[in-house]
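Colleague: Starting off with a structure, shown below.
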Amino acid sequence: MDNVTADLETEVRRLRIRIIGLGPRQLVEAGPNSPADGSDPLSRRDTIAEALVEFSSIGSGARRVPDLGDQSLADQVVVLIEDGLTLAENLPVEQRQERIAQLLDAATRLRRSLA
C-alpha cells in the first residue's frame, strides 16, 4: 500500500467518525467553513450531498446518488470512496495515483468543511 492510499484510508475513518457524530441539528446548520464570498452557506447535510456527487463523479462513473437519509450519510461516503479506490486499482499506475489523490483531496475538503 502506498502513502496516498494509506492517507485516503485514514481520511475515510476520520470522515466516518465526523459524520456519525453530527446530530440532526448540526446537519441543518451551515458548516463553519462555509463560503465567505456572500453566497448562501450550505448546510452540513447539503455539503455532504455535494461531496457524494463529487465522489461518484471521481470513482463511480457519475452514478446517481440516492438520498437514503441522514442515518446513511457516513455509509454512503465510505462506499463511494471505496468504490473509487477499487476502480482505481485497475488503472495504470499514473492514473491510479491521480484518481486516489482526487479522492483524497475531496475527502479532506469534506472533512474540513464539516469541522
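If you're wondering about the labels, chains in the C-alpha cells are A, B, ... by order shown, residues count from 1 in each chain, ligands from 1 in order shown.
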Tell me, as a PyMOL selection string, which residues lie within 12 Å of Arg63 of chain A, counting only C-alpha atoms; anything in the same chain fewer than 2 positions away does not count.
Modeller: chain A and resi 52-61+65-66+80+83-84
Colleague: With only C-alpha atoms as the counted atoms, please give the residues lying no more than 12 Å from Glu98 of chain A, apart from itself and same-chain residues fewer than 5 positions off, as a list of chain:residue names.
Modeller: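 Using only C-alpha atoms, the neighbours found are A:Val4, A:Thr5, A:Ile58, A:Gly59, A:Gly84, A:Leu85, A:Ala88, A:Glu89, A:Leu91, A:Pro92, A:Val93, A:Leu103, A:Leu104, A:Asp105.
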Colleague: Please give the complete set of residues from segment 26-80 of chain A that DSSP, run on the backbone, assigns to helix (DSSP H, G or I), formatted as JSON, numbers by chain.
Modeller: {"A": [26, 27, 28, 44, 45, 46, 47, 48, 49, 50, 51, 52, 53, 54, 55, 56, 57, 58, 59, 70, 71, 72, 73, 74, 75, 76, 77, 78, 79, 80]}
Colleague: Do a neighbour search on Gln71 of chain A at 10 Å with only C-alpha atoms, toss out local chain neighbours closer than 3 positions, and write the hits as a PDB file with all heavy atoms, in the first residue's frame.
Modeller:
ATOM      1  N   ILE A  19     -18.924  12.385  10.491  1.00  0.00           N
ATOM      2  CA  ILE A  19     -20.312  12.406  10.012  1.00  0.00           C
ATOM      3  C   ILE A  19     -21.238  11.709  11.003  1.00  0.00           C
ATOM      4  O   ILE A  19     -22.327  12.207  11.303  1.00  0.00           O
ATOM      5  CB  ILE A  19     -20.412  11.776   8.608  1.00  0.00           C
ATOM      6  CG1 ILE A  19     -19.678  12.656   7.588  1.00  0.00           C
ATOM      7  CG2 ILE A  19     -21.879  11.605   8.196  1.00  0.00           C
ATOM      8  CD1 ILE A  19     -19.492  12.027   6.229  1.00  0.00           C
ATOM      9  N   ILE A  20     -20.804  10.578  11.546  1.00  0.00           N
ATOM     10  CA  ILE A  20     -21.628   9.872  12.524  1.00  0.00           C
ATOM     11  C   ILE A  20     -21.867  10.743  13.755  1.00  0.00           C
ATOM     12  O   ILE A  20     -22.935  10.705  14.355  1.00  0.00           O
ATOM     13  CB  ILE A  20     -20.972   8.526  12.921  1.00  0.00           C
ATOM     14  CG1 ILE A  20     -21.112   7.539  11.758  1.00  0.00           C
ATOM     15  CG2 ILE A  20     -21.589   7.955  14.181  1.00  0.00           C
ATOM     16  CD1 ILE A  20     -20.341   6.250  11.954  1.00  0.00           C
ATOM     17  N   GLY A  23     -25.345  15.440  14.749  1.00  0.00           N
ATOM     18  CA  GLY A  23     -26.758  15.227  15.055  1.00  0.00           C
ATOM     19  C   GLY A  23     -27.632  15.969  14.057  1.00  0.00           C
ATOM     20  O   GLY A  23     -27.144  16.754  13.238  1.00  0.00           O
ATOM     21  N   PRO A  24     -28.938  15.740  14.114  1.00  0.00           N
ATOM     22  CA  PRO A  24     -29.860  16.394  13.177  1.00  0.00           C
ATOM     23  C   PRO A  24     -29.728  17.921  13.169  1.00  0.00           C
ATOM     24  O   PRO A  24     -29.767  18.547  12.116  1.00  0.00           O
ATOM     25  CB  PRO A  24     -31.249  15.965  13.671  1.00  0.00           C
ATOM     26  CG  PRO A  24     -31.005  14.691  14.407  1.00  0.00           C
ATOM     27  CD  PRO A  24     -29.632  14.823  15.008  1.00  0.00           C
ATOM     28  N   LEU A  68     -30.648   8.536   0.936  1.00  0.00           N
ATOM     29  CA  LEU A  68     -31.035   7.446   1.828  1.00  0.00           C
ATOM     30  C   LEU A  68     -31.287   7.920   3.254  1.00  0.00           C
ATOM     31  O   LEU A  68     -31.480   7.109   4.151  1.00  0.00           O
ATOM     32  CB  LEU A  68     -29.950   6.358   1.823  1.00  0.00           C
ATOM     33  CG  LEU A  68     -29.658   5.726   0.471  1.00  0.00           C
ATOM     34  CD1 LEU A  68     -28.528   4.716   0.593  1.00  0.00           C
ATOM     35  CD2 LEU A  68     -30.898   5.081  -0.120  1.00  0.00           C
ATOM     36  N   ALA A  74     -22.857   8.673   6.363  1.00  0.00           N
ATOM     37  CA  ALA A  74     -21.481   8.197   6.568  1.00  0.00           C
ATOM     38  C   ALA A  74     -21.220   6.951   5.730  1.00  0.00           C
ATOM     39  O   ALA A  74     -20.163   6.822   5.099  1.00  0.00           O
ATOM     40  CB  ALA A  74     -21.223   7.913   8.042  1.00  0.00           C
ATOM     41  N   ASP A  75     -22.180   6.042   5.707  1.00  0.00           N
ATOM     42  CA  ASP A  75     -22.013   4.820   4.920  1.00  0.00           C
ATOM     43  C   ASP A  75     -21.905   5.128   3.429  1.00  0.00           C
ATOM     44  O   ASP A  75     -21.095   4.533   2.719  1.00  0.00           O
ATOM     45  CB  ASP A  75     -23.172   3.857   5.159  1.00  0.00           C
ATOM     46  CG  ASP A  75     -23.173   3.291   6.569  1.00  0.00           C
ATOM     47  OD1 ASP A  75     -22.085   3.215   7.177  1.00  0.00           O
ATOM     48  OD2 ASP A  75     -24.256   2.935   7.061  1.00  0.00           O
ATOM     49  N   GLN A  76     -22.712   6.064   2.953  1.00  0.00           N
ATOM     50  CA  GLN A  76     -22.644   6.426   1.538  1.00  0.00           C
ATOM     51  C   GLN A  76     -21.282   7.010   1.180  1.00  0.00           C
ATOM     52  O   GLN A  76     -20.723   6.693   0.133  1.00  0.00           O
ATOM     53  CB  GLN A  76     -23.745   7.432   1.184  1.00  0.00           C
ATOM     54  CG  GLN A  76     -25.109   6.803   1.065  1.00  0.00           C
ATOM     55  CD  GLN A  76     -26.136   7.836   0.656  1.00  0.00           C
ATOM     56  OE1 GLN A  76     -26.528   8.689   1.451  1.00  0.00           O
ATOM     57  NE2 GLN A  76     -26.579   7.757  -0.581  1.00  0.00           N
TER      58      GLN A  76
END
Colleague: Select, from A:Ile48, A:Asn3, A:Ser43, A:Ala115, the residue with the minimum atom-to-atom distance to Val78 of chain A, counting only C-alpha atoms.
Modeller: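 Counting only C-alpha atoms, the residue closest to Val78 of chain A is A:Ile48.
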Colleague: Within 10 Å of Asp67 of chain A, counting only C-alpha atoms, which residues qualify if same-chain residues fewer than 3 places away don't, as an mmCIF file with N, CA and C atoms, in the first residue's frame?
Modeller:
data_model
loop_
_atom_site.group_PDB
_atom_site.id
_atom_site.type_symbol
_atom_site.label_atom_id
_atom_site.label_comp_id
_atom_site.auth_asym_id
_atom_site.auth_seq_id
_atom_site.Cartn_x
_atom_site.Cartn_y
_atom_site.Cartn_z
ATOM 1 N N ALA A 49 -24.014 16.020 0.697
ATOM 2 C CA ALA A 49 -24.679 15.604 -0.544
ATOM 3 C C ALA A 49 -23.854 16.004 -1.768
ATOM 4 N N ARG A 64 -25.904 8.167 -10.229
ATOM 5 C CA ARG A 64 -26.811 8.943 -9.393
ATOM 6 C C ARG A 64 -26.683 8.456 -7.959
ATOM 7 N N ASP A 70 -30.373 10.719 6.653
ATOM 8 C CA ASP A 70 -29.233 11.127 7.481
ATOM 9 C C ASP A 70 -28.479 9.946 8.079
ATOM 10 N N SER A 72 -27.684 7.249 6.829
ATOM 11 C CA SER A 72 -26.838 6.547 5.853
ATOM 12 C C SER A 72 -25.742 7.419 5.256
ATOM 13 N N LEU A 73 -25.656 8.681 5.664
ATOM 14 C CA LEU A 73 -24.685 9.587 5.044
ATOM 15 C C LEU A 73 -23.249 9.085 5.176
ATOM 16 N N GLN A 76 -22.712 6.064 2.953
ATOM 17 C CA GLN A 76 -22.644 6.426 1.538
ATOM 18 C C GLN A 76 -21.282 7.010 1.180
#
Colleague: Can you tell me, as JSON, numbers by chain, what residues are no more than 10 Å from Leu15 of chain A when counting only C-alpha atoms, ignoring any on the same chain fewer than 4 positions away?
Modeller: {"A": [9, 10, 11, 19, 20, 21, 74, 77, 78, 107, 108, 110, 111, 112, 114]}
Colleague: Please dump the current selection as a short mmCIF file (atom, residue, chain, number, x, y, z; two decimals), in the first residue's frame; keep N, CA, C and O atoms.
Modeller:
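Here's the written file again_33.cif:
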data_model
loop_
_atom_site.label_atom_id
_atom_site.label_comp_id
_atom_site.auth_asym_id
_atom_site.auth_seq_id
_atom_site.Cartn_x
_atom_site.Cartn_y
_atom_site.Cartn_z
N GLU A 9 -7.30 6.09 3.29
CA GLU A 9 -7.97 5.22 4.25
C GLU A 9 -8.08 5.89 5.63
O GLU A 9 -9.09 5.76 6.30
N THR A 10 -7.05 6.62 6.02
CA THR A 10 -7.11 7.37 7.27
C THR A 10 -8.18 8.45 7.19
O THR A 10 -8.96 8.64 8.14
N GLU A 11 -8.23 9.13 6.07
CA GLU A 11 -9.23 10.20 5.88
C GLU A 11 -10.64 9.63 5.90
O GLU A 11 -11.56 10.24 6.46
N ILE A 19 -18.92 12.39 10.49
CA ILE A 19 -20.31 12.41 10.01
C ILE A 19 -21.24 11.71 11.00
O ILE A 19 -22.33 12.21 11.30
N ILE A 20 -20.80 10.58 11.55
CA ILE A 20 -21.63 9.87 12.52
C ILE A 20 -21.87 10.74 13.75
O ILE A 20 -22.94 10.70 14.36
N GLY A 21 -20.90 11.57 14.10
CA GLY A 21 -21.02 12.44 15.27
C GLY A 21 -21.93 13.64 15.08
O GLY A 21 -22.24 14.34 16.05
N ALA A 74 -22.86 8.67 6.36
CA ALA A 74 -21.48 8.20 6.57
C ALA A 74 -21.22 6.95 5.73
O ALA A 74 -20.16 6.82 5.10
N VAL A 77 -20.76 7.86 2.04
CA VAL A 77 -19.43 8.44 1.80
C VAL A 77 -18.40 7.33 1.70
O VAL A 77 -17.60 7.28 0.76
N VAL A 78 -18.41 6.43 2.68
CA VAL A 78 -17.43 5.35 2.71
C VAL A 78 -17.55 4.46 1.47
O VAL A 78 -16.56 4.14 0.81
N ALA A 107 -12.11 14.13 -0.08
CA ALA A 107 -12.42 13.69 1.28
C ALA A 107 -11.89 14.67 2.32
O ALA A 107 -12.57 14.99 3.29
N THR A 108 -10.69 15.17 2.11
CA THR A 108 -10.10 16.13 3.03
C THR A 108 -10.90 17.42 3.05
O THR A 108 -11.20 17.98 4.12
N LEU A 110 -14.06 17.76 2.35
CA LEU A 110 -15.33 17.50 3.04
C LEU A 110 -15.14 17.51 4.55
O LEU A 110 -15.88 18.16 5.28
N ARG A 111 -14.13 16.79 5.03
CA ARG A 111 -13.91 16.74 6.48
C ARG A 111 -13.70 18.14 7.05
O ARG A 111 -14.25 18.51 8.08
N ARG A 112 -12.91 18.94 6.37
CA ARG A 112 -12.63 20.30 6.87
C ARG A 112 -13.87 21.18 6.83
O ARG A 112 -14.07 22.02 7.70
N LEU A 114 -16.81 20.22 7.37
CA LEU A 114 -17.74 19.77 8.39
C LEU A 114 -17.27 20.07 9.81
O LEU A 114 -17.97 19.80 10.77
#
Colleague: Take atom CA of Glu29 of chain A and atom CA of Ala51 of chain A and report the distance between them in Å, one decimal.
Modeller: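 So the answer is 16.5 Å.
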Colleague: I'd like to know which of A:Ile81, A:Asn90, A:Asp46, A:Arg99 is closest to Arg16 of chain A, using only C-alpha atoms.
Modeller: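 Smallest distance to Arg16 of chain A is found for A:Ile81.
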Colleague: Quote the spacing between atom CA of Gly69 of chain A and atom CA of Leu42 of chain A in Å to one decimal place.
Modeller: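 Computing the Euclidean distance for atom CA of Gly69 of chain A and atom CA of Leu42 of chain A yields 17.1 Å.
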Colleague: Could you state the separation of atom CA of Pro41 of chain A and atom CA of Leu27 of chain A in Å, given to one decimal place?
Modeller: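 Separation between atom CA of Pro41 of chain A and atom CA of Leu27 of chain A: 12.6 Å.
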